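Have a look at start.txt below; it lists compact mmCIF, C-alpha atoms.
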# COMPACT_ATOMS: atom_id res chain seq x y z
CA MET A 287 -16.36 10.70 88.55
CA THR A 288 -18.61 13.63 89.47
CA GLU A 289 -17.92 15.63 86.31
CA PRO A 290 -20.57 15.22 83.57
CA ALA A 291 -18.00 14.19 80.94
CA THR A 292 -16.49 11.60 83.28
CA ILE A 293 -19.92 10.23 84.17
CA ARG A 294 -20.80 9.90 80.48
CA GLY A 295 -17.52 8.10 79.87
CA TRP A 296 -18.19 5.71 82.77
CA TYR A 297 -21.70 4.96 81.52
CA GLY A 298 -20.30 4.41 78.03
CA LEU A 299 -17.75 1.93 79.40
CA VAL A 300 -20.44 -0.02 81.28
CA ILE A 301 -22.64 -0.11 78.17
CA ALA A 302 -19.70 -1.36 76.08
CA ILE A 303 -18.94 -4.13 78.59
CA CYS A 304 -22.60 -5.19 78.74
CA LEU A 305 -22.88 -5.21 74.94
CA GLY A 306 -19.71 -7.32 74.77
CA MET A 307 -21.17 -9.84 77.21
CA ILE A 308 -24.41 -9.93 75.26
CA ALA A 309 -22.53 -10.49 71.98
CA VAL A 310 -20.52 -13.35 73.50
CA THR A 311 -23.74 -14.90 74.81
CA LEU A 312 -25.33 -14.77 71.37
CA VAL A 313 -22.30 -16.45 69.80
CA LEU A 314 -22.35 -19.20 72.42
CA LEU A 315 -26.09 -19.82 72.00
CA ILE A 316 -25.91 -19.91 68.20
CA ARG A 317 -22.64 -21.78 67.67
CA VAL A 318 -21.82 -23.74 70.83
CA MET A 319 -24.78 -24.61 73.04
CA PRO A 320 -26.80 -27.72 72.05
CA GLU A 321 -30.56 -27.65 71.77
CA GLY A 322 -32.42 -29.10 74.70
CA SER A 323 -33.71 -32.10 72.74
CA ASP A 324 -30.25 -33.00 71.39
CA ILE A 325 -28.87 -35.78 73.62
CA ALA A 326 -25.80 -36.53 71.49
CA GLY A 327 -24.97 -32.83 71.13
CA THR A 328 -25.26 -32.28 74.88
CA VAL A 329 -22.93 -35.17 75.67
CA GLU A 330 -20.43 -33.93 73.08
CA PHE A 331 -20.62 -30.41 74.56
CA TYR A 332 -19.68 -31.61 78.05
CA ASP A 333 -16.94 -33.84 76.70
CA LYS A 334 -15.39 -31.24 74.38
CA TYR A 335 -15.40 -28.34 76.84
CA ASN A 336 -15.03 -30.29 80.09
CA GLY A 337 -11.90 -28.51 81.30
CA LEU A 338 -13.37 -25.07 80.62
CA LEU A 339 -16.67 -26.01 82.24
CA ARG A 340 -14.86 -27.10 85.40
CA GLY A 341 -13.29 -23.66 85.54
CA VAL A 342 -16.70 -22.05 85.09
CA ALA A 343 -18.12 -24.17 87.92
CA ALA A 344 -15.31 -23.03 90.23
CA LEU A 345 -15.78 -19.40 89.17
CA LEU A 346 -19.42 -19.56 90.18
CA ALA A 347 -18.34 -19.89 93.82
CA VAL A 348 -16.60 -16.51 93.55
CA VAL A 349 -19.65 -15.06 91.79
CA PHE A 350 -21.84 -16.14 94.72
CA LEU A 351 -19.48 -14.48 97.20
CA VAL A 352 -19.48 -11.18 95.32
CA GLY A 353 -23.20 -11.45 94.57
CA ALA A 354 -24.13 -11.97 98.22
CA ILE A 355 -22.10 -8.93 99.33
CA TRP A 356 -23.41 -6.73 96.53
CA SER A 357 -27.02 -7.81 97.08
CA GLY A 358 -26.78 -7.04 100.78
CA ALA A 359 -25.36 -3.58 100.11
CA PHE A 360 -28.00 -2.75 97.49
CA ILE A 361 -30.85 -3.99 99.69
CA GLY A 362 -29.46 -1.76 102.42
CA THR A 363 -29.87 1.17 100.03
CA LEU A 364 -33.47 0.15 99.33
CA TRP A 365 -34.16 -0.27 103.06
CA ALA A 366 -32.90 3.23 103.87
CA ALA A 367 -35.05 4.79 101.13
CA ASP A 368 -38.20 2.67 101.56
CA THR A 369 -41.18 4.66 102.87
CA SER A 370 -43.78 1.91 102.44
CA ARG A 371 -45.68 0.63 105.46
CA ASN A 372 -43.47 -1.81 107.41
CA ARG A 373 -40.99 -1.53 104.51
CA VAL A 374 -43.02 -4.14 102.65
CA TYR A 375 -41.27 -3.35 99.36
CA THR A 376 -37.83 -4.04 100.77
CA TRP A 377 -38.99 -7.23 102.47
CA SER A 378 -40.34 -8.42 99.11
CA ALA A 379 -36.96 -7.66 97.55
CA ILE A 380 -35.15 -9.55 100.31
CA PHE A 381 -37.23 -12.72 99.97
CA SER A 382 -36.98 -12.57 96.18
CA GLU A 383 -33.19 -12.21 96.23
CA VAL A 384 -32.67 -14.92 98.86
CA LEU A 385 -34.80 -17.32 96.83
CA VAL A 386 -32.96 -16.47 93.59
CA LEU A 387 -29.52 -16.90 95.15
CA GLY A 388 -30.59 -20.17 96.81
CA LEU A 389 -32.01 -21.63 93.59
CA PHE A 390 -29.03 -20.42 91.59
CA PHE A 391 -26.65 -22.03 94.08
CA ALA A 392 -28.50 -25.35 93.79
CA GLU A 393 -28.37 -25.14 89.99
CA ALA A 394 -24.65 -24.37 90.10
CA GLY A 395 -24.08 -27.45 92.24
CA ILE A 396 -26.01 -29.66 89.82
CA PHE A 397 -24.08 -28.12 86.93
CA ALA A 398 -20.74 -28.85 88.62
CA GLY A 399 -21.85 -32.43 89.22
CA THR A 400 -22.90 -32.80 85.58
CA VAL A 401 -19.47 -31.65 84.42
CA LEU A 402 -17.75 -34.21 86.66
CA LEU A 403 -20.10 -37.00 85.56
CA SER A 404 -19.34 -36.38 81.89
CA GLY A 405 -17.64 -39.52 80.56
CA HIS A 406 -18.50 -41.47 83.70
CA ALA A 407 -22.30 -41.67 83.49
CA PRO A 408 -24.81 -42.75 80.82
CA ASP A 409 -25.55 -40.17 78.16
CA SER A 410 -29.17 -39.96 79.25
CA ILE A 411 -28.17 -38.90 82.78
CA VAL A 412 -25.80 -36.19 81.57
CA HIS A 413 -28.49 -34.87 79.24
CA ALA A 414 -31.18 -35.01 81.93
CA LEU A 415 -29.06 -33.08 84.43
CA HIS A 416 -28.19 -30.49 81.80
CA VAL A 417 -31.87 -29.91 81.05
CA VAL A 418 -32.73 -29.76 84.76
CA VAL A 419 -30.14 -27.02 85.33
CA LEU A 420 -31.26 -24.82 82.46
CA VAL A 421 -35.01 -25.34 82.83
CA SER A 422 -34.65 -24.48 86.53
CA ALA A 423 -32.75 -21.37 85.50
CA ALA A 424 -35.70 -20.41 83.30
CA MET A 425 -37.83 -20.23 86.44
CA LEU A 426 -35.49 -17.75 88.12
CA GLY A 427 -36.73 -14.88 85.97
CA PRO A 428 -40.23 -14.60 87.46
CA VAL A 429 -38.81 -15.17 90.95
CA TRP A 430 -36.55 -12.13 90.48
CA ILE A 431 -39.42 -9.84 89.41
CA PRO A 432 -40.38 -8.82 92.99
CA PHE A 433 -36.81 -7.59 93.50
CA ALA A 434 -36.80 -5.32 90.44
CA LEU A 435 -40.41 -4.26 91.05
CA ALA A 436 -39.68 -3.34 94.67
CA ALA A 437 -36.69 -1.24 93.58
CA LEU A 438 -38.88 0.51 90.97
CA LEU A 439 -41.71 1.24 93.42
CA ILE A 440 -39.32 2.58 96.06
CA SER A 441 -37.67 4.80 93.49
CA ARG A 442 -40.98 6.09 92.13
CA ARG A 443 -42.04 7.09 95.67
CA THR A 444 -38.75 8.64 96.75
CA GLY A 445 -36.82 9.61 93.61
CA LEU A 446 -34.02 7.20 94.54
CA PHE A 447 -33.02 6.37 90.95
CA PRO A 448 -32.66 8.56 87.89
CA THR A 449 -35.33 8.12 85.21
CA TRP A 450 -33.12 5.91 83.05
CA LEU A 451 -32.61 3.39 85.89
CA ASN A 452 -36.36 3.27 86.52
CA THR A 453 -36.68 2.37 82.85
CA VAL A 454 -34.06 -0.36 83.30
CA CYS A 455 -36.20 -1.83 86.10
CA VAL A 456 -39.20 -2.06 83.76
CA VAL A 457 -37.10 -3.60 80.98
CA VAL A 458 -35.70 -6.22 83.37
CA ILE A 459 -39.19 -7.18 84.53
CA VAL A 460 -40.29 -7.73 80.93
CA ILE A 461 -37.17 -9.79 80.16
CA ASP A 462 -37.67 -11.89 83.30
CA LEU A 463 -41.14 -12.83 82.09
CA CYS A 464 -39.63 -14.05 78.81
CA THR A 465 -37.38 -16.56 80.60
CA LEU A 466 -40.46 -18.55 81.61
CA THR A 467 -40.84 -19.75 78.02
CA GLY A 468 -37.99 -22.18 78.73
CA VAL A 469 -40.26 -24.46 80.77
CA PHE A 470 -42.54 -25.23 77.80
CA THR A 471 -40.21 -26.68 75.17
CA LEU A 472 -36.82 -28.28 74.53
CA SER A 473 -36.43 -26.94 71.01
CA GLY A 474 -36.88 -23.76 69.01
CA PRO A 475 -36.32 -20.15 70.05
CA LEU A 476 -38.30 -20.52 73.28
CA ASN A 477 -36.23 -23.35 74.79
CA GLY A 478 -34.12 -22.56 77.84
CA GLU A 479 -30.99 -24.35 76.63
CA ASN A 480 -30.01 -22.37 73.51
CA GLY A 481 -33.17 -20.56 72.48
CA LEU A 482 -32.76 -16.96 71.33
CA ILE A 483 -35.74 -16.01 73.48
CA GLY A 484 -35.83 -18.46 76.38
CA ALA A 485 -32.12 -18.90 77.03
CA PHE A 486 -31.00 -15.44 75.88
CA ALA A 487 -33.46 -13.71 78.21
CA GLY A 488 -31.96 -15.60 81.16
CA VAL A 489 -28.57 -14.00 80.48
CA LEU A 490 -29.80 -10.61 79.27
CA SER A 491 -31.77 -9.85 82.44
CA PRO A 492 -28.88 -10.00 84.97
CA VAL A 493 -26.48 -8.27 82.56
CA VAL A 494 -28.87 -5.33 82.07
CA TRP A 495 -29.82 -5.18 85.76
CA VAL A 496 -26.37 -5.50 87.31
CA GLY A 497 -24.80 -3.27 84.68
CA GLY A 498 -27.36 -0.52 85.22
CA VAL A 499 -27.30 -0.63 89.00
CA VAL A 500 -23.50 -0.82 89.29
CA ALA A 501 -23.14 2.12 86.87
CA TRP A 502 -25.46 4.19 89.05
CA GLU A 503 -23.92 3.05 92.34
CA VAL A 504 -20.38 4.02 91.33
CA VAL A 505 -21.51 7.54 90.41
CA GLU A 506 -23.48 7.87 93.64
CA TRP A 507 -20.49 6.65 95.65
CA ALA A 508 -18.22 9.20 93.92
CA ARG A 509 -20.67 12.00 94.68
CA TYR A 510 -20.90 10.92 98.30
CA ARG A 511 -17.11 10.89 98.65
CA THR A 512 -16.87 14.31 97.03
CA ASP A 513 -19.49 15.76 99.38
CA LEU A 514 -17.75 14.13 102.36
CA ASN A 515 -14.37 15.53 101.41
CA SER A 516 -15.89 18.96 100.82
CA GLY A 517 -17.34 18.86 104.31
CA VAL A 518 -13.97 17.94 105.82
CA ASP A 519 -12.22 20.73 103.90
CA ALA A 520 -14.83 23.25 105.08
CA LYS A 521 -14.03 22.41 108.68
Whole structure given in structure tokens:
Amino acid sequence: MTEPATIRGWYGLVIAICLGMIAVTLVLLIRVMPEGSDIAGTVEFYDKYNGLLRGVAALLAVVFLVGAIWSGAFIGTLWAADTSRNRVYTWSAIFSEVLVLGLFFAEAGIFAGTVLLSGHAPDSIVHALHVVVLVSAAMLGPVWIPFALAALLISRRTGLFPTWLNTVCVVVIVIDLCTLTGVFTLSGPLNGENGLIGAFAGVLSPVVWVGGVVAWEVVEWARYRTDLNSGVDAK
């Protein structure tokens, strides 16, 4: 993983996976997800895909476990590199990430409850809960900006990231701002339920961010292991 050709292959694989996830998201938004103002379509969505949605709700628990571990490890990297006074950048990243994970966990719980209530509660309640989940998700973007901004500022001061990952940080910040459009409307491209701006931005941001950071972390880990093994061999 330390050879240039291998690194390029790894980056290519990560890009392919991210593009695949983005393509699947676009298909779901265009062909499956109901518009926020569509009560009948929302009820039909939960009824038609109820079994699959229960699986998704259960999978989110695993995502939180992995996400908490990964976030802690990455923040540790930021902490070690942070040269700001009182590590203010890293503290901003910590509070941002804790708030995002907490809000996301609450939304996941409401989503799981909505899935279980499908067929057992009035249509208006199922629709209302669905909108609450996705409009709340639209607010996660701006909350996550301090995390990406802190990582960018730390990197700019210390050279922690390569130039391309600094660019990813900027792109993620811009995308996160776009998610906020989901709080203004239930229909059209800006809505947070199936809008190609509001809803799509909410998926695009974590895919780009996690994909970029994980790609970099794996290469850095491989280089660290290589240097460590070289040191052992020298002794």
*Coordinates-based distance that separates atom CA of Ala414 of chain A from atom CA of Val460 of chain A (Å, one decimal)*: 28.8 Å
*For atom CA of Thr292 of chain A and atom CA of Leu439 of chain A, quote the distance in Å rounded to one decimal.*
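Atom CA of Thr292 of chain A sits 29.1 Å away from atom CA of Leu439 of chain A.
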*Coordinates-based distance that separates atom CA of Gly295 of chain A from atom CA of Trp495 of chain A (Å, one decimal)*: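 Computing the Euclidean distance for atom CA of Trp495 of chain A and atom CA of Gly295 of chain A yields 19.0 Å.
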*All residues 12 Å or closer to Ile303 of chain A, only C-alpha atoms, same chain fewer than 2 positions away omitted, as JSON, numbers by chain*: {"A": [296, 297, 298, 299, 300, 301, 305, 306, 307, 308, 309, 310, 493, 494, 496, 497, 498, 501]}
_Excluding Ala343 of chain A and its own-chain neighbours fewer than 2 positions away, which residues fall within 9 Å of it when counting only C-alpha atoms? Please give them as a list in words._
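Surrounding residues, per the criterion: Leu338, Leu339, Arg340, Gly341, Leu345, Leu346, Ala347, Ala394, Gly395, Phe397, Ala398 and Val401 of chain A.
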